[in-house]
Structure formats: C-alpha cells, structure tokens
Amino acid sequence: METGVRLAANNGYLPAPFTCRDYLHRMQAYRLTGGAIVSGSFQAFGQSYLLAALTELGPGFVGVTQIPASTTDDEILALDRAGIRAMRFNLKRGGSEDIRHLDRLARRVHELAGWHVELYADSRELAPIYPLLRALPALSIDHLGLSGEGFPTLLRLAEHGARVKATGFSRVGFDVAQALKDLYHANPEALMFGTDLPSTRAPKPYEDADFGLVIETLGLKGAEQVFYANAAKFYRLSPETLR
C-alpha cells in the first residue's frame, strides 16, 4: 500500500494547501467534538495525509480512506487501529478502486473491521446498481447524492438504512431544505452533517448558513441527530471519545 506524501493530480487538478490548523481555525466558533476526515481523489491510495490528520486532530475524529482491492487483512486492521472507519469509492472523480470490486471489498472490510462503504457519486448512477447497494451491510452516500434526478433512488436507499451526508450544499442541483426534510422523514438516522471543508472544487465553500439551514429545516431535535448522534453511532464513536 502506498504511504508516500505525493499528491496525485486528478484530471490535472491539485488542491491548495489546507492544514488541520486551518480547519480548527475555521471551526473555532463551533463546539467541535469530532468528525470524519475523507480522502480525496488526489490522495488516491496514499494514507500518510489521513493518518497524520487523525493523529493531530485526536480521538474524536475518524477516517474514510481509499484502498486497492489488493490491500491485505493486516493492512486493513492497522488502518482500523489508526482510526479509519470506512472505505470510499469515488465514482464522481476517480482516484479510488474500480466499482467492479465494490460488493466484494465492501463486504470484506465490514466483516473484518466493521467498516462501511462510502460512495461519492451522482445519484443518477445509483439506480443501475440499486440491488447491489441495497444488499450491502453498511453504506453512506456523499453530498445528498448531488442530483435531483436521482434523488428518488437515494431516498429509497435511505428508507432501507443507507446514510446520507448532508454536506457540500453548493454542489447539489436541487432544493437542499426539501431534501433534508424528505430524507429525515424517510429515516431519522440517515442524515449526517459535515462542513465539506476545504470544499475542494465546490462552486462555493462551506458557509455558516449551511449549519443554520439544518436547524431551521429540522428543528433542534432533528438537528441534534444530524449534527451529532447519527454520525457518532454510525462511526462507532463512544461518548467518552467525543468529550
């Protein structure tokens, strides 16, 4: 498994630097107890950035990584001990394993380490693989599925236990508030909020108004689930870890 520090340009794109210190400075006004750090397309199968961030940010944070199908059991378990809790397939940008390995690899990491599989995909791509996704042991989907056209499929998956990240609101092509209402109604445990920082390649970076929109739309009780409880349960974080 690659452990070097060199980024891999994705379609010619490399991000500007954004450090853990930058992140904590941006979030200093929040009562921040933890979060999920997600490997991007430009990190490919490298692990050093993610592992360094987990070490710096502390035990309230977990990682979502990209691994090749050739990754050994020992390597997966070592990543789990370091705080990795999920494996990502980036269907939108690439940089991850080919989708033909999705079913086998998703089941393998779940059985071995309890990980779920995360998809960064336009929800229009979900319908052809719906039976496969529905049968997976644990699944989350990024950025509200991005597309309004594929939203009904996303909603069906949420009804049957899939989690959906309420992140990257500027990336989506539909009414975010209505989508939040529909997904919360379908499954109150489905939505998990995130800032999407550093909002790489998003039309607009994260705004504090995105946080406020969740409260305005779902009320304080619903917002508490979406901001905290749902993700803490899904990522298997204990209350002691999130102090």
# chains A, B, ... in the order shown; residues from 1 in each chain; ligands from 1

$ residues_around --residues "A:Lys233" --least-positions-apart "4" --cutoff "12 Å" --atoms "only C-alpha atoms" --output "list in words"
Arg85, Arg163, Glu189, Ala190, Leu191, Met192, Gln225, Val226, Phe227, Tyr228, Ala229, Leu237, Ser238, Pro239 and Leu242 of chain A

$ write_last_selection --atoms "C-alpha atoms" --output "short mmCIF file (atom, residue, chain, number, x, y, z; two decimals), in the first residue's frame"
data_model
loop_
_atom_site.label_atom_id
_atom_site.label_comp_id
_atom_site.auth_asym_id
_atom_site.auth_seq_id
_atom_site.Cartn_x
_atom_site.Cartn_y
_atom_site.Cartn_z
CA ARG A 85 -13.82 3.53 9.86
CA ARG A 163 -26.78 7.00 5.46
CA GLU A 189 -30.99 8.19 11.38
CA ALA A 190 -29.92 8.70 7.77
CA LEU A 191 -28.54 12.23 7.68
CA MET A 192 -25.04 13.12 8.89
CA GLN A 225 -29.38 13.92 15.39
CA VAL A 226 -27.96 15.22 12.12
CA PHE A 227 -25.08 17.17 13.68
CA TYR A 228 -24.03 14.57 16.24
CA ALA A 229 -25.97 11.46 17.20
CA LEU A 237 -17.66 6.74 18.47
CA SER A 238 -18.19 6.50 22.23
CA PRO A 239 -19.39 9.45 24.35
CA LEU A 242 -16.41 12.83 21.93
#

$ closest_atom_pairs --of "stretch 62-168 of chain A" --to "stretch 202-214 of chain A" --cutoff "12 Å" --atoms "only C-alpha atoms" --output "tab-separated table"
residue	atom	partner	partner_atom	distance
A:His143	CA	A:Ala202	CA	10.7
A:Leu146	CA	A:Ala202	CA	11.3
A:Ala166	CA	A:Val214	CA	8.8
A:Thr167	CA	A:Asp210	CA	8.6
A:Gly168	CA	A:Tyr206	CA	6.9

$ closest_residue --among "A:Val62, A:Gly194, A:Glu216, A:His101" --to "A:Gln178" --atoms "only C-alpha atoms"
A:Glu216

$ residues_around --residues "A:Gly40" --least-positions-apart "4" --cutoff "10 Å" --atoms "only C-alpha atoms" --output "mmCIF file with N, CA and C atoms, in the first residue's frame"
data_model
loop_
_atom_site.group_PDB
_atom_site.id
_atom_site.type_symbol
_atom_site.label_atom_id
_atom_site.label_comp_id
_atom_site.auth_asym_id
_atom_site.auth_seq_id
_atom_site.Cartn_x
_atom_site.Cartn_y
_atom_site.Cartn_z
ATOM 1 N N LEU A 7 0.870 13.983 -3.723
ATOM 2 C CA LEU A 7 -0.498 14.001 -4.219
ATOM 3 C C LEU A 7 -0.524 13.581 -5.683
ATOM 4 N N ALA A 8 -1.650 13.015 -6.102
ATOM 5 C CA ALA A 8 -1.838 12.584 -7.488
ATOM 6 C C ALA A 8 -2.833 13.518 -8.156
ATOM 7 N N ASN A 10 -5.702 14.952 -10.162
ATOM 8 C CA ASN A 10 -6.926 14.344 -10.663
ATOM 9 C C ASN A 10 -7.450 15.187 -11.820
ATOM 10 N N PRO A 15 -5.208 20.383 -5.180
ATOM 11 C CA PRO A 15 -5.818 21.381 -4.294
ATOM 12 C C PRO A 15 -4.787 22.316 -3.682
ATOM 13 N N ALA A 44 -5.530 9.471 -3.809
ATOM 14 C CA ALA A 44 -5.501 8.114 -4.350
ATOM 15 C C ALA A 44 -5.432 7.099 -3.204
ATOM 16 N N PHE A 45 -4.468 6.187 -3.240
ATOM 17 C CA PHE A 45 -4.354 5.164 -2.206
ATOM 18 C C PHE A 45 -3.322 5.507 -1.139
ATOM 19 N N LEU A 50 -3.955 11.227 5.668
ATOM 20 C CA LEU A 50 -5.081 10.899 6.533
ATOM 21 C C LEU A 50 -4.604 10.479 7.925
ATOM 22 N N VAL A 64 -12.007 8.188 6.552
ATOM 23 C CA VAL A 64 -12.622 7.469 5.427
ATOM 24 C C VAL A 64 -11.563 7.423 4.334
ATOM 25 N N THR A 65 -11.109 6.239 3.989
ATOM 26 C CA THR A 65 -9.954 6.113 3.111
ATOM 27 C C THR A 65 -10.290 5.404 1.810
ATOM 28 N N GLN A 66 -9.348 5.449 0.900
ATOM 29 C CA GLN A 66 -9.428 4.708 -0.364
ATOM 30 C C GLN A 66 -8.327 3.651 -0.354
ATOM 31 N N ARG A 88 -13.880 4.390 0.801
ATOM 32 C CA ARG A 88 -14.593 5.231 -0.155
ATOM 33 C C ARG A 88 -14.370 4.768 -1.588
ATOM 34 N N ASN A 90 -14.923 6.564 -5.130
ATOM 35 C CA ASN A 90 -15.166 7.875 -5.730
ATOM 36 C C ASN A 90 -15.568 7.678 -7.190
ATOM 37 N N ARG A 93 -15.121 11.319 -9.271
ATOM 38 C CA ARG A 93 -13.819 11.879 -9.654
ATOM 39 C C ARG A 93 -12.766 10.825 -9.978
ATOM 40 N N GLY A 94 -12.979 9.595 -9.524
ATOM 41 C CA GLY A 94 -11.931 8.599 -9.668
ATOM 42 C C GLY A 94 -10.942 8.679 -8.521
ATOM 43 N N GLY A 95 -9.805 8.016 -8.686
ATOM 44 C CA GLY A 95 -8.787 8.002 -7.644
ATOM 45 C C GLY A 95 -8.968 6.889 -6.639
ATOM 46 N N SER A 96 -10.064 6.121 -6.773
ATOM 47 C CA SER A 96 -10.325 5.013 -5.862
ATOM 48 C C SER A 96 -10.363 3.709 -6.656
ATOM 49 N N TYR A 120 -18.999 8.452 -3.335
ATOM 50 C CA TYR A 120 -19.128 9.801 -3.887
ATOM 51 C C TYR A 120 -19.598 9.592 -5.313
ATOM 52 N N THR A 200 -13.293 21.377 -1.617
ATOM 53 C CA THR A 200 -12.491 21.281 -2.824
ATOM 54 C C THR A 200 -13.359 21.168 -4.065
#

$ select_by_dssp --residues "stretch 72-122 of chain A" --states "strand (DSSP E)" --output "list of chain:residue names"
A:Ile84, A:Arg85, A:Ala86, A:Met87, A:Arg88, A:Phe89, A:Asn90, A:His116, A:Val117, A:Glu118, A:Leu119, A:Tyr120

$ closest_residue --among "A:Val176, A:Ile67, A:Leu105, A:Val164" --to "A:Gln43" --atoms "only C-alpha atoms"
A:Ile67

$ closest_residue --among "A:Thr55, A:Ser147, A:Thr33, A:Ser41" --to "A:Leu14" --atoms "only C-alpha atoms"
A:Ser41

$ closest_residue --among "A:Ile129, A:Leu119, A:Ala158, A:Leu183" --to "A:Gly222" --atoms "only C-alpha atoms"
A:Leu183

$ atom_distance --atom1 "atom CA of A:Leu91" --atom2 "atom CA of A:Ala121"
5.1 Å

$ closest_residue --among "A:Ala231, A:Ala127, A:Val172, A:Leu136" --to "A:Gly150" --atoms "only C-alpha atoms"
A:Ala127

$ decode --residues "stretch 126-150 of chain A" --atoms "N, CA, C and O atoms" --output "short mmCIF file (atom, residue, chain, number, x, y, z; two decimals), in the first residue's frame"
data_model
loop_
_atom_site.label_atom_id
_atom_site.label_comp_id
_atom_site.auth_asym_id
_atom_site.auth_seq_id
_atom_site.Cartn_x
_atom_site.Cartn_y
_atom_site.Cartn_z
N LEU A 126 -27.00 5.59 -9.33
CA LEU A 126 -27.32 4.60 -8.31
C LEU A 126 -28.37 3.59 -8.75
O LEU A 126 -28.35 2.44 -8.30
N ALA A 127 -29.30 4.02 -9.60
CA ALA A 127 -30.40 3.12 -9.98
C ALA A 127 -29.91 1.81 -10.61
O ALA A 127 -30.41 0.73 -10.24
N PRO A 128 -28.94 1.84 -11.53
CA PRO A 128 -28.50 0.57 -12.14
C PRO A 128 -27.86 -0.40 -11.15
O PRO A 128 -27.85 -1.61 -11.40
N ILE A 129 -27.33 0.11 -10.04
CA ILE A 129 -26.69 -0.77 -9.06
C ILE A 129 -27.49 -0.80 -7.75
O ILE A 129 -26.97 -1.22 -6.70
N TYR A 130 -28.74 -0.38 -7.81
CA TYR A 130 -29.57 -0.33 -6.60
C TYR A 130 -29.63 -1.67 -5.87
O TYR A 130 -29.44 -1.71 -4.64
N PRO A 131 -29.89 -2.80 -6.55
CA PRO A 131 -29.96 -4.07 -5.82
C PRO A 131 -28.65 -4.39 -5.08
O PRO A 131 -28.68 -4.89 -3.95
N LEU A 132 -27.52 -4.09 -5.71
CA LEU A 132 -26.22 -4.33 -5.07
C LEU A 132 -26.09 -3.45 -3.82
O LEU A 132 -25.70 -3.93 -2.75
N LEU A 133 -26.41 -2.16 -3.96
CA LEU A 133 -26.27 -1.23 -2.85
C LEU A 133 -27.22 -1.57 -1.71
O LEU A 133 -26.85 -1.51 -0.53
N ARG A 134 -28.43 -1.92 -2.05
CA ARG A 134 -29.42 -2.27 -1.04
C ARG A 134 -28.95 -3.47 -0.20
O ARG A 134 -29.26 -3.57 1.00
N ALA A 135 -28.19 -4.37 -0.79
CA ALA A 135 -27.76 -5.58 -0.10
C ALA A 135 -26.48 -5.41 0.71
O ALA A 135 -26.10 -6.32 1.45
N LEU A 136 -25.80 -4.26 0.57
CA LEU A 136 -24.55 -4.07 1.30
C LEU A 136 -24.81 -3.97 2.80
O LEU A 136 -25.85 -3.47 3.23
N PRO A 137 -23.86 -4.41 3.62
CA PRO A 137 -24.08 -4.38 5.07
C PRO A 137 -24.14 -2.99 5.67
O PRO A 137 -24.81 -2.77 6.68
N ALA A 138 -23.44 -2.02 5.10
CA ALA A 138 -23.45 -0.65 5.62
C ALA A 138 -22.97 0.30 4.53
O ALA A 138 -21.92 0.08 3.93
N LEU A 139 -23.74 1.38 4.31
CA LEU A 139 -23.49 2.27 3.17
C LEU A 139 -23.78 3.71 3.54
O LEU A 139 -24.78 4.00 4.21
N SER A 140 -22.91 4.62 3.07
CA SER A 140 -23.23 6.05 3.12
C SER A 140 -22.96 6.67 1.75
O SER A 140 -22.13 6.16 0.99
N ILE A 141 -23.66 7.76 1.46
CA ILE A 141 -23.55 8.43 0.18
C ILE A 141 -23.31 9.91 0.42
O ILE A 141 -23.97 10.55 1.24
N ASP A 142 -22.35 10.45 -0.30
CA ASP A 142 -21.91 11.83 -0.11
C ASP A 142 -22.87 12.86 -0.69
O ASP A 142 -23.57 12.62 -1.67
N HIS A 143 -22.81 14.06 -0.10
CA HIS A 143 -23.33 15.30 -0.69
C HIS A 143 -24.78 15.20 -1.18
O HIS A 143 -25.12 15.70 -2.27
N LEU A 144 -25.65 14.55 -0.39
CA LEU A 144 -27.07 14.44 -0.74
C LEU A 144 -27.29 13.84 -2.12
O LEU A 144 -28.33 14.04 -2.74
N GLY A 145 -26.28 13.12 -2.62
CA GLY A 145 -26.41 12.47 -3.92
C GLY A 145 -26.24 13.39 -5.11
O GLY A 145 -26.33 12.92 -6.26
N LEU A 146 -26.01 14.68 -4.88
CA LEU A 146 -25.68 15.66 -5.92
C LEU A 146 -26.82 16.00 -6.88
O LEU A 146 -26.99 17.16 -7.25
N SER A 147 -27.60 15.03 -7.32
CA SER A 147 -28.54 15.24 -8.42
C SER A 147 -30.00 15.06 -7.99
O SER A 147 -30.33 14.07 -7.34
N GLY A 148 -30.84 16.00 -8.40
CA GLY A 148 -32.26 15.86 -8.13
C GLY A 148 -32.89 14.73 -8.91
O GLY A 148 -33.82 14.07 -8.45
N GLU A 149 -32.38 14.49 -10.10
CA GLU A 149 -32.96 13.45 -10.96
C GLU A 149 -32.84 12.07 -10.32
O GLU A 149 -33.72 11.23 -10.46
N GLY A 150 -31.74 11.83 -9.61
CA GLY A 150 -31.55 10.54 -8.98
C GLY A 150 -31.99 10.49 -7.53
O GLY A 150 -31.84 9.46 -6.87
#
